[in-house]
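Peer 1: If it helps, the file is called final_19.txt and holds compact mmCIF, C-alpha atoms:
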```
# COMPACT_ATOMS: atom_id res chain seq x y z
CA MET E 1 0.00 0.00 0.00
CA ARG E 2 2.87 2.35 0.83
CA ASN E 3 4.43 1.72 -2.61
CA LEU E 4 1.14 2.57 -4.29
CA ALA E 5 0.92 5.88 -2.41
CA LEU E 6 4.55 6.68 -3.27
CA ALA E 7 3.96 5.89 -6.96
CA GLY E 8 0.89 8.13 -6.96
CA GLY E 9 2.89 10.98 -5.43
CA VAL E 10 5.68 10.62 -7.99
CA LEU E 11 3.13 10.54 -10.83
CA GLY E 12 1.44 13.65 -9.44
CA LEU E 13 4.76 15.51 -9.35
CA ALA E 14 5.57 14.44 -12.91
CA LEU E 15 2.19 15.69 -14.15
CA ALA E 16 2.57 18.97 -12.29
CA ALA E 17 6.00 19.53 -13.90
CA SER E 18 4.77 18.92 -17.45
CA PRO E 19 3.56 21.86 -19.57
CA ALA E 20 -0.17 22.56 -19.57
CA LEU E 21 -1.98 21.43 -22.70
CA ALA E 22 -5.10 23.19 -23.91
CA TRP E 23 -7.90 21.57 -25.87
CA THR E 24 -8.25 22.96 -29.38
CA PRO E 25 -11.77 22.77 -30.82
CA PRO E 26 -12.20 21.31 -34.29
CA SER E 27 -12.54 23.59 -37.28
CA VAL E 28 -16.18 24.54 -37.83
CA GLY E 29 -16.16 26.52 -41.02
CA THR E 30 -14.52 27.58 -44.24
CA PRO E 31 -12.14 30.54 -43.90
CA CYS E 32 -12.29 33.32 -46.46
CA HIS E 33 -9.11 33.50 -48.54
CA SER E 34 -8.25 35.80 -51.38
CA VAL E 35 -8.38 34.40 -54.87
CA ARG E 36 -5.08 32.88 -55.96
CA HIS E 37 -3.05 35.26 -58.16
CA ALA E 38 -5.45 38.13 -57.42
CA LYS E 39 -4.34 41.57 -58.57
CA ALA E 40 -6.43 43.38 -55.93
CA ASP E 41 -8.39 42.84 -52.74
CA SER E 42 -11.36 40.45 -52.94
CA LEU E 43 -14.85 41.17 -51.62
CA LEU E 44 -16.25 37.95 -50.16
CA ILE E 45 -19.27 37.15 -47.98
CA ALA E 46 -18.80 35.55 -44.56
CA GLY E 47 -21.84 33.52 -43.49
CA ASN E 48 -22.47 32.87 -39.79
CA TYR E 49 -25.34 30.90 -38.30
CA LEU E 50 -26.11 29.87 -34.72
CA GLY E 51 -29.31 27.93 -34.11
CA GLY E 52 -30.71 24.95 -32.30
CA ARG E 53 -33.03 21.98 -32.61
CA PRO E 54 -34.88 20.10 -29.88
CA VAL E 55 -33.38 16.70 -29.07
CA ARG E 56 -35.60 15.52 -26.18
CA ALA E 57 -37.52 17.01 -23.28
CA GLY E 58 -35.76 20.26 -22.45
CA VAL E 59 -32.52 19.44 -24.31
CA VAL E 60 -31.51 21.56 -27.30
CA ASP E 61 -28.72 20.77 -29.76
CA TRP E 62 -27.11 24.17 -30.46
CA LYS E 63 -24.76 24.44 -33.42
CA SER E 64 -22.64 27.20 -34.91
CA PHE E 65 -21.69 27.25 -38.61
CA GLN E 66 -19.41 29.50 -40.63
CA ALA E 67 -18.72 29.56 -44.37
CA CYS E 68 -17.37 31.83 -47.07
CA PHE E 69 -19.18 32.78 -50.28
CA ARG E 70 -18.57 34.76 -53.45
CA ASP E 71 -22.04 36.36 -53.46
CA VAL E 72 -24.85 37.26 -51.05
CA ALA E 73 -27.44 35.04 -52.79
CA SER E 74 -25.38 31.90 -52.14
CA CYS E 75 -24.92 32.89 -48.51
CA GLU E 76 -28.63 33.54 -48.01
CA GLN E 77 -29.51 30.17 -49.53
CA TRP E 78 -27.00 28.52 -47.16
CA LEU E 79 -28.61 30.37 -44.20
CA SER E 80 -32.07 29.09 -45.18
CA HIS E 81 -30.79 25.49 -45.20
CA ARG E 82 -29.26 25.98 -41.73
CA ALA E 83 -32.48 27.56 -40.47
CA SER E 84 -34.54 24.59 -41.66
CA ALA E 85 -32.22 22.10 -39.90
CA PHE E 86 -31.76 24.21 -36.73
CA PRO E 87 -34.99 26.24 -36.48
CA LEU E 88 -34.89 27.40 -32.85
CA ARG E 89 -34.41 31.16 -32.75
CA PRO E 90 -31.01 31.70 -34.28
CA GLY E 91 -28.61 33.69 -32.17
CA ILE E 92 -26.77 34.67 -35.34
CA ALA E 93 -27.94 34.49 -38.95
CA ARG E 94 -26.00 36.88 -41.15
CA CYS E 95 -24.10 37.36 -44.34
CA THR E 96 -21.34 39.90 -43.79
CA PRO E 97 -19.25 41.40 -46.61
CA VAL E 98 -15.51 41.13 -45.91
CA THR E 99 -12.55 42.44 -47.85
CA VAL E 100 -9.72 39.95 -48.11
CA GLY E 101 -6.37 41.33 -49.16
CA TYR E 102 -4.11 39.69 -51.65
CA ARG E 103 -0.49 38.87 -50.91
CA ARG E 104 2.00 41.14 -52.57
```
Transcribe the structure of this file into structure tokens.
Peer 2:
Amino acid sequence: MRNLALAGGVLGLALAASPALAWTPPSVGTPCHSVRHAKADSLLIAGNYLGGRPVRAGVVDWKSFQACFRDVASCEQWLSHRASAFPLRPGIARCTPVTVGYRR
């Protein structure tokens, strides 16, 4: 029993001495990048949607989605698909124009 306690103490010290590791969430969207070989900045549309759907009594599955589009119409169509799958009052449902610079 004493050896087990000693081993636990040594393990605890080893864990305390190791660097802290943070959890990194998975990627949830498509980043907006400038067009390859662009001669100027690109105007793109960033789509963001946050909505939920009921799972069972009192439990809601909330999801957040992000995507990048070349035009507002495509973004709005994407938002309508998200709204039909996750209909509970969206916290965010927008298509935002963004300017993405090209690399010189």
Peer 1: List the spatial neighbours of E:Leu44 as a PyMOL selection string - criterion: any atom at most 12 Å away, only C-alpha atoms, same-chain residues fewer than 2 positions off excluded.
Peer 2: chain E and resi 31-35+41-42+46-47+67-75+95-101
Peer 1: Keeping only C-alpha atoms, write those residues as a CSV table (one decimal), in the coordinates of the input.
Peer 2:
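File written: result-v6.csv
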```csv
chain,number,residue,atom,x,y,z
E,31,PRO,CA,-12.1,30.5,-43.9
E,32,CYS,CA,-12.3,33.3,-46.5
E,33,HIS,CA,-9.1,33.5,-48.5
E,34,SER,CA,-8.2,35.8,-51.4
E,35,VAL,CA,-8.4,34.4,-54.9
E,41,ASP,CA,-8.4,42.8,-52.7
E,42,SER,CA,-11.4,40.4,-52.9
E,46,ALA,CA,-18.8,35.6,-44.6
E,47,GLY,CA,-21.8,33.5,-43.5
E,67,ALA,CA,-18.7,29.6,-44.4
E,68,CYS,CA,-17.4,31.8,-47.1
E,69,PHE,CA,-19.2,32.8,-50.3
E,70,ARG,CA,-18.6,34.8,-53.4
E,71,ASP,CA,-22.0,36.4,-53.5
E,72,VAL,CA,-24.8,37.3,-51.0
E,73,ALA,CA,-27.4,35.0,-52.8
E,74,SER,CA,-25.4,31.9,-52.1
E,75,CYS,CA,-24.9,32.9,-48.5
E,95,CYS,CA,-24.1,37.4,-44.3
E,96,THR,CA,-21.3,39.9,-43.8
E,97,PRO,CA,-19.2,41.4,-46.6
E,98,VAL,CA,-15.5,41.1,-45.9
E,99,THR,CA,-12.6,42.4,-47.8
E,100,VAL,CA,-9.7,40.0,-48.1
E,101,GLY,CA,-6.4,41.3,-49.2
```
Peer 1: Rank nothing, just name the residue among E:Ala57, E:Asn48, E:Ser64, E:Lys39 nearest to E:Phe86, using only C-alpha atoms.
Peer 2: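 Of all the options, E:Ser64 lies closest to E:Phe86.
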Peer 1: Skip E:Ala93 itself and residues of its chain fewer than 6 positions away, then list as a PyMOL selection string all residues within 7 Å of it, counting all atoms listed in the file.
Peer 2: chain E and resi 48-50+79
Peer 1: Which value, in Å to one decimal, gives the distance between atom CA of E:Pro54 and atom CA of E:Trp78?
Peer 2: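 Result for atom CA of E:Pro54 versus atom CA of E:Trp78: 20.8 Å, one decimal.
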Peer 1: Using all atoms listed in the file, which of the listed residues (E:Arg56, E:Trp62, E:Gly51, E:Ala40) sits closest to E:Ala83?
Peer 2: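 Comparing E:Arg56, E:Trp62, E:Gly51, E:Ala40 against E:Ala83, the winner is E:Gly51.
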Peer 1: What does the distance between atom CA of E:His81 and atom CA of E:Gln66 come to in Å, to one decimal place?
Peer 2: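 Those two atoms sit 12.9 Å apart.
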Peer 1: Between atom CA of E:Val55 and atom CA of E:Ser84, what distance in Å does the model show, to one decimal?
Peer 2: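 Computing it gives 14.9 Å between the two atoms.
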Peer 1: Restricting the calculation to all atoms listed in the file, which member of E:Phe65, E:Gly52, E:Val59, E:Gln77 is positioned closest to E:Pro90?
Peer 2: E:Gly52
